[in-house]
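For reference, start-v3.pdb is printed below; it contains PDB, N, CA and C atoms.
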ATOM      1  N   MET A   2     -10.720  15.666  -0.809
ATOM      2  CA  MET A   2      -9.488  15.609  -0.059
ATOM      3  C   MET A   2      -8.540  14.619  -0.743
ATOM      4  N   ASP A   3      -7.291  14.991  -0.884
ATOM      5  CA  ASP A   3      -6.278  14.158  -1.511
ATOM      6  C   ASP A   3      -5.689  13.228  -0.448
ATOM      7  N   THR A   4      -5.897  11.925  -0.616
ATOM      8  CA  THR A   4      -5.402  10.957   0.367
ATOM      9  C   THR A   4      -4.179  10.192  -0.124
ATOM     10  N   ARG A   5      -3.648  10.583  -1.269
ATOM     11  CA  ARG A   5      -2.459   9.904  -1.780
ATOM     12  C   ARG A   5      -1.254  10.206  -0.900
ATOM     13  N   THR A   6      -0.379   9.230  -0.787
ATOM     14  CA  THR A   6       0.865   9.409  -0.055
ATOM     15  C   THR A   6       1.836  10.179  -0.946
ATOM     16  N   PRO A   7       2.437  11.257  -0.426
ATOM     17  CA  PRO A   7       3.371  12.009  -1.267
ATOM     18  C   PRO A   7       4.602  11.170  -1.610
ATOM     19  N   ALA A   8       5.134  11.402  -2.797
ATOM     20  CA  ALA A   8       6.338  10.695  -3.228
ATOM     21  C   ALA A   8       7.512  11.085  -2.334
ATOM     22  N   ILE A   9       8.345  10.112  -2.048
ATOM     23  CA  ILE A   9       9.518  10.344  -1.211
ATOM     24  C   ILE A   9      10.694  10.691  -2.115
ATOM     25  N   ASP A  10      11.404  11.745  -1.768
ATOM     26  CA  ASP A  10      12.566  12.167  -2.537
ATOM     27  C   ASP A  10      13.783  11.391  -2.028
ATOM     28  N   VAL A  11      14.053  10.261  -2.668
ATOM     29  CA  VAL A  11      15.140   9.386  -2.255
ATOM     30  C   VAL A  11      16.480  10.103  -2.348
ATOM     31  N   ALA A  12      16.690  10.850  -3.422
ATOM     32  CA  ALA A  12      17.957  11.565  -3.604
ATOM     33  C   ALA A  12      18.188  12.555  -2.467
ATOM     34  N   ALA A  13      17.145  13.242  -2.030
ATOM     35  CA  ALA A  13      17.285  14.195  -0.923
ATOM     36  C   ALA A  13      17.619  13.471   0.373
ATOM     37  N   ALA A  14      17.003  12.315   0.600
ATOM     38  CA  ALA A  14      17.288  11.549   1.812
ATOM     39  C   ALA A  14      18.730  11.050   1.810
ATOM     40  N   ILE A  15      19.205  10.589   0.662
ATOM     41  CA  ILE A  15      20.597  10.131   0.568
ATOM     42  C   ILE A  15      21.552  11.291   0.781
ATOM     43  N   ASN A  16      21.230  12.448   0.225
ATOM     44  CA  ASN A  16      22.058  13.629   0.444
ATOM     45  C   ASN A  16      22.077  14.015   1.917
ATOM     46  N   ASP A  17      20.934  13.882   2.599
ATOM     47  CA  ASP A  17      20.872  14.173   4.035
ATOM     48  C   ASP A  17      21.782  13.227   4.811
ATOM     49  N   ILE A  18      21.799  11.947   4.427
ATOM     50  CA  ILE A  18      22.696  10.988   5.078
ATOM     51  C   ILE A  18      24.145  11.418   4.879
ATOM     52  N   ARG A  19      24.514  11.715   3.645
ATOM     53  CA  ARG A  19      25.903  12.113   3.353
ATOM     54  C   ARG A  19      26.308  13.374   4.112
ATOM     55  N   SER A  20      25.395  14.337   4.181
ATOM     56  CA  SER A  20      25.723  15.638   4.753
ATOM     57  C   SER A  20      25.625  15.689   6.273
ATOM     58  N   ASN A  21      24.692  14.920   6.847
ATOM     59  CA  ASN A  21      24.380  15.108   8.265
ATOM     60  C   ASN A  21      24.463  13.863   9.131
ATOM     61  N   MET A  22      24.758  12.720   8.523
ATOM     62  CA  MET A  22      24.813  11.473   9.278
ATOM     63  C   MET A  22      26.107  10.731   8.927
ATOM     64  N   PRO A  23      27.265  11.255   9.358
ATOM     65  CA  PRO A  23      28.544  10.682   8.917
ATOM     66  C   PRO A  23      28.761   9.239   9.368
ATOM     67  N   GLU A  24      28.348   8.873  10.567
ATOM     68  CA  GLU A  24      28.528   7.495  11.033
ATOM     69  C   GLU A  24      27.652   6.542  10.227
ATOM     70  N   THR A  25      26.435   6.966   9.931
ATOM     71  CA  THR A  25      25.526   6.156   9.127
ATOM     72  C   THR A  25      26.082   5.995   7.720
ATOM     73  N   TYR A  26      26.597   7.073   7.154
ATOM     74  CA  TYR A  26      27.173   7.015   5.813
ATOM     75  C   TYR A  26      28.357   6.040   5.775
ATOM     76  N   GLN A  27      29.200   6.072   6.796
ATOM     77  CA  GLN A  27      30.325   5.142   6.865
ATOM     78  C   GLN A  27      29.834   3.699   6.993
ATOM     79  N   ALA A  28      28.760   3.497   7.770
ATOM     80  CA  ALA A  28      28.196   2.150   7.923
ATOM     81  C   ALA A  28      27.645   1.639   6.595
ATOM     82  N   ILE A  29      27.034   2.513   5.822
ATOM     83  CA  ILE A  29      26.512   2.121   4.509
ATOM     84  C   ILE A  29      27.664   1.720   3.589
ATOM     85  N   LYS A  30      28.718   2.516   3.585
ATOM     86  CA  LYS A  30      29.869   2.186   2.738
ATOM     87  C   LYS A  30      30.515   0.871   3.172
ATOM     88  N   ALA A  31      30.603   0.652   4.486
ATOM     89  CA  ALA A  31      31.181  -0.597   4.990
ATOM     90  C   ALA A  31      30.314  -1.795   4.591
ATOM     91  N   LYS A  32      28.996  -1.640   4.670
ATOM     92  CA  LYS A  32      28.097  -2.729   4.269
ATOM     93  C   LYS A  32      28.231  -2.996   2.773
ATOM     94  N   ALA A  33      28.396  -1.942   1.987
ATOM     95  CA  ALA A  33      28.586  -2.117   0.543
ATOM     96  C   ALA A  33      29.885  -2.870   0.250
ATOM     97  N   ASP A  34      30.914  -2.650   1.067
ATOM     98  CA  ASP A  34      32.158  -3.409   0.912
ATOM     99  C   ASP A  34      31.928  -4.895   1.180
ATOM    100  N   GLN A  35      30.976  -5.192   2.077
ATOM    101  CA  GLN A  35      30.677  -6.587   2.432
ATOM    102  C   GLN A  35      29.771  -7.272   1.417
ATOM    103  N   ILE A  36      28.683  -6.588   1.030
ATOM    104  CA  ILE A  36      27.654  -7.267   0.225
ATOM    105  C   ILE A  36      27.437  -6.647  -1.156
ATOM    106  N   GLY A  37      28.210  -5.624  -1.486
ATOM    107  CA  GLY A  37      28.096  -5.004  -2.793
ATOM    108  C   GLY A  37      26.944  -4.024  -2.902
ATOM    109  N   SER A  38      26.472  -3.846  -4.110
ATOM    110  CA  SER A  38      25.469  -2.820  -4.381
ATOM    111  C   SER A  38      24.124  -3.102  -3.719
ATOM    112  N   GLU A  39      23.915  -4.331  -3.236
ATOM    113  CA  GLU A  39      22.679  -4.647  -2.518
ATOM    114  C   GLU A  39      22.507  -3.722  -1.303
ATOM    115  N   ALA A  40      23.606  -3.276  -0.703
ATOM    116  CA  ALA A  40      23.521  -2.361   0.440
ATOM    117  C   ALA A  40      22.816  -1.065   0.031
ATOM    118  N   TYR A  41      23.180  -0.522  -1.109
ATOM    119  CA  TYR A  41      22.553   0.719  -1.571
ATOM    120  C   TYR A  41      21.090   0.490  -1.934
ATOM    121  N   ALA A  42      20.794  -0.689  -2.494
ATOM    122  CA  ALA A  42      19.400  -1.015  -2.817
ATOM    123  C   ALA A  42      18.565  -1.106  -1.547
ATOM    124  N   LEU A  43      19.118  -1.691  -0.484
ATOM    125  CA  LEU A  43      18.394  -1.783   0.785
ATOM    126  C   LEU A  43      18.143  -0.403   1.379
ATOM    127  N   VAL A  44      19.130   0.485   1.278
ATOM    128  CA  VAL A  44      18.945   1.858   1.767
ATOM    129  C   VAL A  44      17.796   2.518   1.009
ATOM    130  N   ARG A  45      17.807   2.434  -0.291
ATOM    131  CA  ARG A  45      16.744   3.056  -1.092
ATOM    132  C   ARG A  45      15.378   2.463  -0.779
ATOM    133  N   ARG A  46      15.318   1.142  -0.620
ATOM    134  CA  ARG A  46      14.042   0.501  -0.302
ATOM    135  C   ARG A  46      13.523   0.961   1.053
ATOM    136  N   GLY A  47      14.420   1.068   2.033
ATOM    137  CA  GLY A  47      14.008   1.569   3.343
ATOM    138  C   GLY A  47      13.531   3.007   3.283
ATOM    139  N   ILE A  48      14.239   3.837   2.542
ATOM    140  CA  ILE A  48      13.842   5.242   2.386
ATOM    141  C   ILE A  48      12.460   5.334   1.739
ATOM    142  N   LYS A  49      12.197   4.448   0.774
ATOM    143  CA  LYS A  49      10.899   4.465   0.085
ATOM    144  C   LYS A  49       9.764   3.939   0.958
ATOM    145  N   GLY A  50      10.100   3.387   2.131
ATOM    146  CA  GLY A  50       9.054   2.954   3.053
ATOM    147  C   GLY A  50       8.877   1.465   3.210
ATOM    148  N   GLU A  51       9.772   0.670   2.628
ATOM    149  CA  GLU A  51       9.661  -0.782   2.784
ATOM    150  C   GLU A  51      10.231  -1.189   4.140
ATOM    151  N   PRO A  52       9.432  -1.854   4.971
ATOM    152  CA  PRO A  52       9.937  -2.258   6.285
ATOM    153  C   PRO A  52      10.975  -3.368   6.181
ATOM    154  N   ASN A  53      11.795  -3.484   7.228
ATOM    155  CA  ASN A  53      12.753  -4.582   7.381
ATOM    156  C   ASN A  53      13.861  -4.592   6.342
ATOM    157  N   CYS A  54      14.221  -3.422   5.811
ATOM    158  CA  CYS A  54      15.337  -3.308   4.863
ATOM    159  C   CYS A  54      16.472  -2.478   5.446
ATOM    160  N   PHE A  55      16.161  -1.240   5.822
ATOM    161  CA  PHE A  55      17.168  -0.305   6.317
ATOM    162  C   PHE A  55      16.492   0.738   7.179
ATOM    163  N   TYR A  56      17.114   1.022   8.326
ATOM    164  CA  TYR A  56      16.597   2.037   9.239
ATOM    165  C   TYR A  56      17.779   2.565  10.022
ATOM    166  N   ALA A  57      17.916   3.886  10.116
ATOM    167  CA  ALA A  57      19.055   4.466  10.814
ATOM    168  C   ALA A  57      18.647   5.712  11.585
ATOM    169  N   MET A  58      19.334   5.929  12.697
ATOM    170  CA  MET A  58      19.162   7.136  13.502
ATOM    171  C   MET A  58      20.547   7.688  13.835
ATOM    172  N   GLU A  59      20.672   8.991  13.722
ATOM    173  CA  GLU A  59      21.930   9.640  14.103
ATOM    174  C   GLU A  59      21.684  11.121  14.295
ATOM    175  N   GLY A  60      22.150  11.646  15.408
ATOM    176  CA  GLY A  60      22.075  13.080  15.660
ATOM    177  C   GLY A  60      20.669  13.654  15.547
ATOM    178  N   GLY A  61      19.671  12.896  15.970
ATOM    179  CA  GLY A  61      18.299  13.378  15.915
ATOM    180  C   GLY A  61      17.611  13.175  14.576
ATOM    181  N   ARG A  62      18.328  12.640  13.598
ATOM    182  CA  ARG A  62      17.738  12.364  12.289
ATOM    183  C   ARG A  62      17.382  10.880  12.202
ATOM    184  N   VAL A  63      16.320  10.596  11.476
ATOM    185  CA  VAL A  63      15.885   9.219  11.247
ATOM    186  C   VAL A  63      15.667   9.044   9.749
ATOM    187  N   VAL A  64      16.233   7.964   9.189
ATOM    188  CA  VAL A  64      16.111   7.690   7.768
ATOM    189  C   VAL A  64      15.746   6.217   7.593
ATOM    190  N   GLY A  65      14.884   5.946   6.642
ATOM    191  CA  GLY A  65      14.490   4.580   6.362
ATOM    192  C   GLY A  65      13.136   4.269   6.963
ATOM    193  N   HIS A  66      12.845   2.999   7.086
ATOM    194  CA  HIS A  66      11.555   2.567   7.624
ATOM    195  C   HIS A  66      11.808   1.597   8.773
ATOM    196  N   PRO A  67      11.064   1.727   9.880
ATOM    197  CA  PRO A  67      11.293   0.838  11.027
ATOM    198  C   PRO A  67      11.100  -0.636  10.680
ATOM    199  N   PHE A  68      11.774  -1.461  11.445
ATOM    200  CA  PHE A  68      11.605  -2.902  11.330
ATOM    201  C   PHE A  68      10.382  -3.301  12.139
ATOM    202  N   ASN A  69       9.644  -4.280  11.646
ATOM    203  CA  ASN A  69       8.454  -4.717  12.363
ATOM    204  C   ASN A  69       8.501  -6.212  12.666
ATOM    205  N   LEU A  70       9.694  -6.734  12.856
ATOM    206  CA  LEU A  70       9.851  -8.142  13.181
ATOM    207  C   LEU A  70       9.399  -8.377  14.622
ATOM    208  N   PRO A  71       8.816  -9.533  14.938
ATOM    209  CA  PRO A  71       8.299  -9.778  16.285
ATOM    210  C   PRO A  71       9.352  -9.547  17.366
ATOM    211  N   GLY A  72       8.998  -8.717  18.354
ATOM    212  CA  GLY A  72       9.869  -8.462  19.492
ATOM    213  C   GLY A  72      10.982  -7.469  19.256
ATOM    214  N   LEU A  73      11.359  -7.231  18.027
ATOM    215  CA  LEU A  73      12.517  -6.379  17.737
ATOM    216  C   LEU A  73      12.340  -4.936  18.185
ATOM    217  N   PRO A  74      11.231  -4.250  17.852
ATOM    218  CA  PRO A  74      11.122  -2.844  18.265
ATOM    219  C   PRO A  74      11.245  -2.644  19.777
ATOM    220  N   GLY A  75      10.618  -3.495  20.559
ATOM    221  CA  GLY A  75      10.719  -3.373  22.013
ATOM    222  C   GLY A  75      12.112  -3.627  22.529
ATOM    223  N   ASN A  76      12.779  -4.626  21.961
ATOM    224  CA  ASN A  76      14.142  -4.934  22.378
ATOM    225  C   ASN A  76      15.088  -3.779  22.071
ATOM    226  N   ILE A  77      14.964  -3.224  20.898
ATOM    227  CA  ILE A  77      15.835  -2.115  20.513
ATOM    228  C   ILE A  77      15.545  -0.889  21.367
ATOM    229  N   ALA A  78      14.273  -0.589  21.592
ATOM    230  CA  ALA A  78      13.926   0.560  22.435
ATOM    231  C   ALA A  78      14.525   0.405  23.817
ATOM    232  N   SER A  79      14.498  -0.790  24.373
ATOM    233  CA  SER A  79      15.089  -1.029  25.691
ATOM    234  C   SER A  79      16.592  -0.780  25.679
ATOM    235  N   LEU A  80      17.268  -1.274  24.642
ATOM    236  CA  LEU A  80      18.711  -1.069  24.545
ATOM    237  C   LEU A  80      19.066   0.405  24.414
ATOM    238  N   VAL A  81      18.323   1.132  23.600
ATOM    239  CA  VAL A  81      18.591   2.562  23.408
ATOM    240  C   VAL A  81      18.424   3.294  24.736
ATOM    241  N   LEU A  82      17.361   2.993  25.452
ATOM    242  CA  LEU A  82      17.128   3.652  26.738
ATOM    243  C   LEU A  82      18.167   3.255  27.775
ATOM    244  N   GLN A  83      18.552   1.986  27.777
ATOM    245  CA  GLN A  83      19.488   1.504  28.784
ATOM    246  C   GLN A  83      20.904   2.012  28.550
ATOM    247  N   PHE A  84      21.353   1.983  27.309
ATOM    248  CA  PHE A  84      22.750   2.297  27.019
ATOM    249  C   PHE A  84      22.952   3.616  26.286
ATOM    250  N   GLY A  85      21.914   4.176  25.695
ATOM    251  CA  GLY A  85      22.072   5.375  24.876
ATOM    252  C   GLY A  85      22.830   5.026  23.602
ATOM    253  N   CYS A  86      22.813   5.913  22.656
ATOM    254  CA  CYS A  86      23.562   5.656  21.431
ATOM    255  C   CYS A  86      23.732   6.957  20.658
ATOM    256  N   ARG A  87      24.844   7.045  19.934
ATOM    257  CA  ARG A  87      25.062   8.175  19.041
ATOM    258  C   ARG A  87      24.415   7.936  17.697
ATOM    259  N   HIS A  88      24.482   6.683  17.260
ATOM    260  CA  HIS A  88      23.824   6.317  16.003
ATOM    261  C   HIS A  88      23.513   4.826  16.018
ATOM    262  N   MET A  89      22.512   4.451  15.258
ATOM    263  CA  MET A  89      22.152   3.043  15.103
ATOM    264  C   MET A  89      21.747   2.824  13.648
ATOM    265  N   VAL A  90      22.159   1.683  13.107
ATOM    266  CA  VAL A  90      21.803   1.322  11.740
ATOM    267  C   VAL A  90      21.341  -0.129  11.753
ATOM    268  N   TRP A  91      20.160  -0.386  11.175
ATOM    269  CA  TRP A  91      19.627  -1.740  11.063
ATOM    270  C   TRP A  91      19.634  -2.144   9.599
ATOM    271  N   TRP A  92      19.994  -3.399   9.364
ATOM    272  CA  TRP A  92      20.031  -3.953   8.015
ATOM    273  C   TRP A  92      19.190  -5.210   7.949
ATOM    274  N   ARG A  93      18.620  -5.470   6.783
ATOM    275  CA  ARG A  93      17.938  -6.733   6.526
ATOM    276  C   ARG A  93      18.971  -7.847   6.593
ATOM    277  N   LEU A  94      18.577  -8.966   7.188
ATOM    278  CA  LEU A  94      19.454 -10.133   7.214
ATOM    279  C   LEU A  94      19.574 -10.718   5.811
ATOM    280  N   PRO A  95      20.742 -11.256   5.486
ATOM    281  CA  PRO A  95      20.849 -11.952   4.211
ATOM    282  C   PRO A  95      19.836 -13.096   4.164
ATOM    283  N   LYS A  96      19.331 -13.402   3.006
ATOM    284  CA  LYS A  96      18.288 -14.413   2.850
ATOM    285  C   LYS A  96      18.665 -15.732   3.505
ATOM    286  N   GLU A  97      19.907 -16.191   3.332
ATOM    287  CA  GLU A  97      20.286 -17.482   3.886
ATOM    288  C   GLU A  97      20.267 -17.472   5.418
ATOM    289  N   VAL A  98      20.537 -16.325   6.044
ATOM    290  CA  VAL A  98      20.478 -16.229   7.500
ATOM    291  C   VAL A  98      19.020 -16.157   7.949
ATOM    292  N   ALA A  99      18.225 -15.352   7.253
ATOM    293  CA  ALA A  99      16.816 -15.212   7.605
ATOM    294  C   ALA A  99      16.072 -16.534   7.460
ATOM    295  N   ASP A 100      16.486 -17.358   6.503
ATOM    296  CA  ASP A 100      15.830 -18.644   6.284
ATOM    297  C   ASP A 100      16.380 -19.745   7.186
ATOM    298  N   GLY A 101      17.374 -19.428   8.007
ATOM    299  CA  GLY A 101      17.919 -20.411   8.939
ATOM    300  C   GLY A 101      19.014 -21.300   8.373
ATOM    301  N   ALA A 102      19.551 -20.954   7.224
ATOM    302  CA  ALA A 102      20.596 -21.780   6.603
ATOM    303  C   ALA A 102      21.926 -21.649   7.331
ATOM    304  N   HIS A 103      22.121 -20.605   8.134
ATOM    305  CA  HIS A 103      23.369 -20.419   8.881
ATOM    306  C   HIS A 103      23.091 -20.472  10.359
TER     307      HIS A 103
END
Whole structure given in structure tokens:
Amino acid sequence: MDTRTPAIDVAAAINDIRSNMPETYQAIKAKADQIGSEAYALVRRGIKGEPNCFYAMEGGRVVGHPFNLPGLPGNIASLVLQFGCRHMVWWRLPKEVADGAH
């Protein structure tokens, strides 16, 4: 039995975002305006399965990898259920914020 994880087609996932997730695509472009090409690197890392980089939901589609920070998944699930949402995009915090420098 083959137990290897199949390779993820990053280009196909990015094309899916462009074609079917317009709010998410706009959020990615806006983040790139703020932090530069690191935004695109975070998207690719999330698509490849790295947690705590990038995760988005829109129109029934999910792209990226969930965040596994303590308490975060439950808090977000509560907010989604309480308020509903058309789309949500999560980004990794900048290193200086994550380390408590700000």
Once you count all atoms listed in the file, what closest atom pair and distance in Å to one decimal does each residue of range 26-79 of chain A within 8 Å of range 6-19 of chain A have, with rows by chain and rising residue number, as JSON lines?
{"residue": "A:Tyr26", "atom": "CA", "partner": "A:Ile18", "partner_atom": "C", "distance": 5.4}
{"residue": "A:Gln27", "atom": "N", "partner": "A:Ile18", "partner_atom": "C", "distance": 7.6}
{"residue": "A:Arg45", "atom": "CA", "partner": "A:Val11", "partner_atom": "CA", "distance": 6.6}
{"residue": "A:Ile48", "atom": "C", "partner": "A:Val11", "partner_atom": "CA", "distance": 6.3}
{"residue": "A:Lys49", "atom": "CA", "partner": "A:Ile9", "partner_atom": "CA", "distance": 6.2}
{"residue": "A:Gly50", "atom": "N", "partner": "A:Ile9", "partner_atom": "CA", "distance": 7.7}
{"residue": "A:Val64", "atom": "CA", "partner": "A:Ala14", "partner_atom": "CA", "distance": 7.2}
{"residue": "A:Gly65", "atom": "N", "partner": "A:Ala14", "partner_atom": "CA", "distance": 7.8}
May I have the residues from that selection written out with N, CA and C atoms, as a JSON list (two decimals), keeping the file's coordinate frame?
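After the write, again.json holds the following:
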[["chain", "number", "residue", "atom", "x", "y", "z"],
["A", 26, "TYR", "N", 26.60, 7.07, 7.15],
["A", 26, "TYR", "CA", 27.17, 7.02, 5.81],
["A", 26, "TYR", "C", 28.36, 6.04, 5.78],
["A", 27, "GLN", "N", 29.20, 6.07, 6.80],
["A", 27, "GLN", "CA", 30.32, 5.14, 6.86],
["A", 27, "GLN", "C", 29.83, 3.70, 6.99],
["A", 45, "ARG", "N", 17.81, 2.43, -0.29],
["A", 45, "ARG", "CA", 16.74, 3.06, -1.09],
["A", 45, "ARG", "C", 15.38, 2.46, -0.78],
["A", 48, "ILE", "N", 14.24, 3.84, 2.54],
["A", 48, "ILE", "CA", 13.84, 5.24, 2.39],
["A", 48, "ILE", "C", 12.46, 5.33, 1.74],
["A", 49, "LYS", "N", 12.20, 4.45, 0.77],
["A", 49, "LYS", "CA", 10.90, 4.46, 0.08],
["A", 49, "LYS", "C", 9.76, 3.94, 0.96],
["A", 50, "GLY", "N", 10.10, 3.39, 2.13],
["A", 50, "GLY", "CA", 9.05, 2.95, 3.05],
["A", 50, "GLY", "C", 8.88, 1.46, 3.21],
["A", 64, "VAL", "N", 16.23, 7.96, 9.19],
["A", 64, "VAL", "CA", 16.11, 7.69, 7.77],
["A", 64, "VAL", "C", 15.75, 6.22, 7.59],
["A", 65, "GLY", "N", 14.88, 5.95, 6.64],
["A", 65, "GLY", "CA", 14.49, 4.58, 6.36],
["A", 65, "GLY", "C", 13.14, 4.27, 6.96]]
Nearest candidate to Gly47 in chain A (options A:Lys30, A:Leu94, A:His66, A:Pro23; using all atoms listed in the file):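 Distance minimum relative to Gly47 in chain A lands on A:His66.
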Run the PyMOL selection byres (((chain A and resi 52 and name CA) around 8) and name CA) on the file and write out the hits as a compact mmCIF listing (two decimals) with N, CA and C atoms, in the frame of the given file.
# COMPACT_ATOMS: atom_id res chain seq x y z
N GLY A 47 14.42 1.07 2.03
CA GLY A 47 14.01 1.57 3.34
C GLY A 47 13.53 3.01 3.28
N GLY A 50 10.10 3.39 2.13
CA GLY A 50 9.05 2.95 3.05
C GLY A 50 8.88 1.46 3.21
N GLU A 51 9.77 0.67 2.63
CA GLU A 51 9.66 -0.78 2.78
C GLU A 51 10.23 -1.19 4.14
N ASN A 53 11.80 -3.48 7.23
CA ASN A 53 12.75 -4.58 7.38
C ASN A 53 13.86 -4.59 6.34
N CYS A 54 14.22 -3.42 5.81
CA CYS A 54 15.34 -3.31 4.86
C CYS A 54 16.47 -2.48 5.45
N PHE A 55 16.16 -1.24 5.82
CA PHE A 55 17.17 -0.30 6.32
C PHE A 55 16.49 0.74 7.18
N HIS A 66 12.84 3.00 7.09
CA HIS A 66 11.56 2.57 7.62
C HIS A 66 11.81 1.60 8.77
N PRO A 67 11.06 1.73 9.88
CA PRO A 67 11.29 0.84 11.03
C PRO A 67 11.10 -0.64 10.68
N PHE A 68 11.77 -1.46 11.44
CA PHE A 68 11.60 -2.90 11.33
C PHE A 68 10.38 -3.30 12.14
N ASN A 69 9.64 -4.28 11.65
CA ASN A 69 8.45 -4.72 12.36
C ASN A 69 8.50 -6.21 12.67
Please identify all polymer residues within 8 Å of Thr25 in chain A, counting only N, CA and C atoms, omitting same-chain residues fewer than 6 positions from it, and present them as a ChimeraX atom specification. /A:18-19,31,57-59,88-90
I'd like to know which of A:Pro71, A:Ile36, A:Leu80, A:Leu43 is closest to Trp92 in chain A, using all atoms listed in the file.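 Distance minimum relative to Trp92 in chain A lands on A:Leu43.
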Mind the document's chain letters and residue numbers, and return as a ChimeraX atom specification the residues of range 21-66 of chain A that DSSP labels strand (DSSP E). /A:55-59,62-65
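Atom N of Cys86 in chain A is found 28.5 Å from CA of Ser38 in chain A.
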For Glu24 in chain A, which residue out of A:Arg87, A:Tyr56, A:Glu39, A:Leu70 is the nearest one, using only C-alpha atoms? A:Arg87
Between CA of Arg46 in chain A and atom C of Trp91 in chain A, what distance in Å does the model show, to one decimal?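 According to the coordinates, CA of Arg46 in chain A and atom C of Trp91 in chain A are separated by 11.7 Å.
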Please rebuild range 22-28 of chain A with all heavy atoms and give the result as a compact mmCIF listing (two decimals), in the frame of the given file.
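Listed below is the output, out_26.txt:
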# COMPACT_ATOMS: atom_id res chain seq x y z
N MET A 22 24.76 12.72 8.52
CA MET A 22 24.81 11.47 9.28
C MET A 22 26.11 10.73 8.93
O MET A 22 26.09 9.68 8.29
CB MET A 22 23.57 10.62 8.97
CG MET A 22 22.26 11.30 9.30
SD MET A 22 20.81 10.37 8.75
CE MET A 22 20.74 9.08 10.01
N PRO A 23 27.26 11.26 9.36
CA PRO A 23 28.54 10.68 8.92
C PRO A 23 28.76 9.24 9.37
O PRO A 23 29.31 8.44 8.61
CB PRO A 23 29.58 11.62 9.52
CG PRO A 23 28.89 12.31 10.65
CD PRO A 23 27.46 12.42 10.24
N GLU A 24 28.35 8.87 10.57
CA GLU A 24 28.53 7.50 11.03
C GLU A 24 27.65 6.54 10.23
O GLU A 24 28.07 5.44 9.87
CB GLU A 24 28.20 7.39 12.53
CG GLU A 24 29.08 8.24 13.42
CD GLU A 24 30.51 7.73 13.50
OE1 GLU A 24 30.75 6.53 13.25
OE2 GLU A 24 31.40 8.53 13.82
N THR A 25 26.44 6.97 9.93
CA THR A 25 25.53 6.16 9.13
C THR A 25 26.08 6.00 7.72
O THR A 25 26.07 4.89 7.16
CB THR A 25 24.13 6.80 9.09
OG1 THR A 25 23.63 6.88 10.43
CG2 THR A 25 23.17 6.01 8.23
N TYR A 26 26.60 7.07 7.15
CA TYR A 26 27.17 7.02 5.81
C TYR A 26 28.36 6.04 5.78
O TYR A 26 28.48 5.24 4.85
CB TYR A 26 27.59 8.42 5.37
CG TYR A 26 28.08 8.50 3.95
CD1 TYR A 26 27.31 8.04 2.89
CD2 TYR A 26 29.32 9.05 3.66
CE1 TYR A 26 27.75 8.11 1.59
CE2 TYR A 26 29.78 9.14 2.35
CZ TYR A 26 28.99 8.67 1.32
OH TYR A 26 29.44 8.73 0.03
N GLN A 27 29.20 6.07 6.80
CA GLN A 27 30.32 5.14 6.86
C GLN A 27 29.83 3.70 6.99
O GLN A 27 30.41 2.78 6.40
CB GLN A 27 31.25 5.50 8.03
CG GLN A 27 32.03 6.77 7.84
CD GLN A 27 32.89 6.73 6.58
OE1 GLN A 27 33.55 5.74 6.30
NE2 GLN A 27 32.88 7.81 5.82
N ALA A 28 28.76 3.50 7.77
CA ALA A 28 28.20 2.15 7.92
C ALA A 28 27.64 1.64 6.60
O ALA A 28 27.78 0.45 6.28
CB ALA A 28 27.10 2.16 8.99
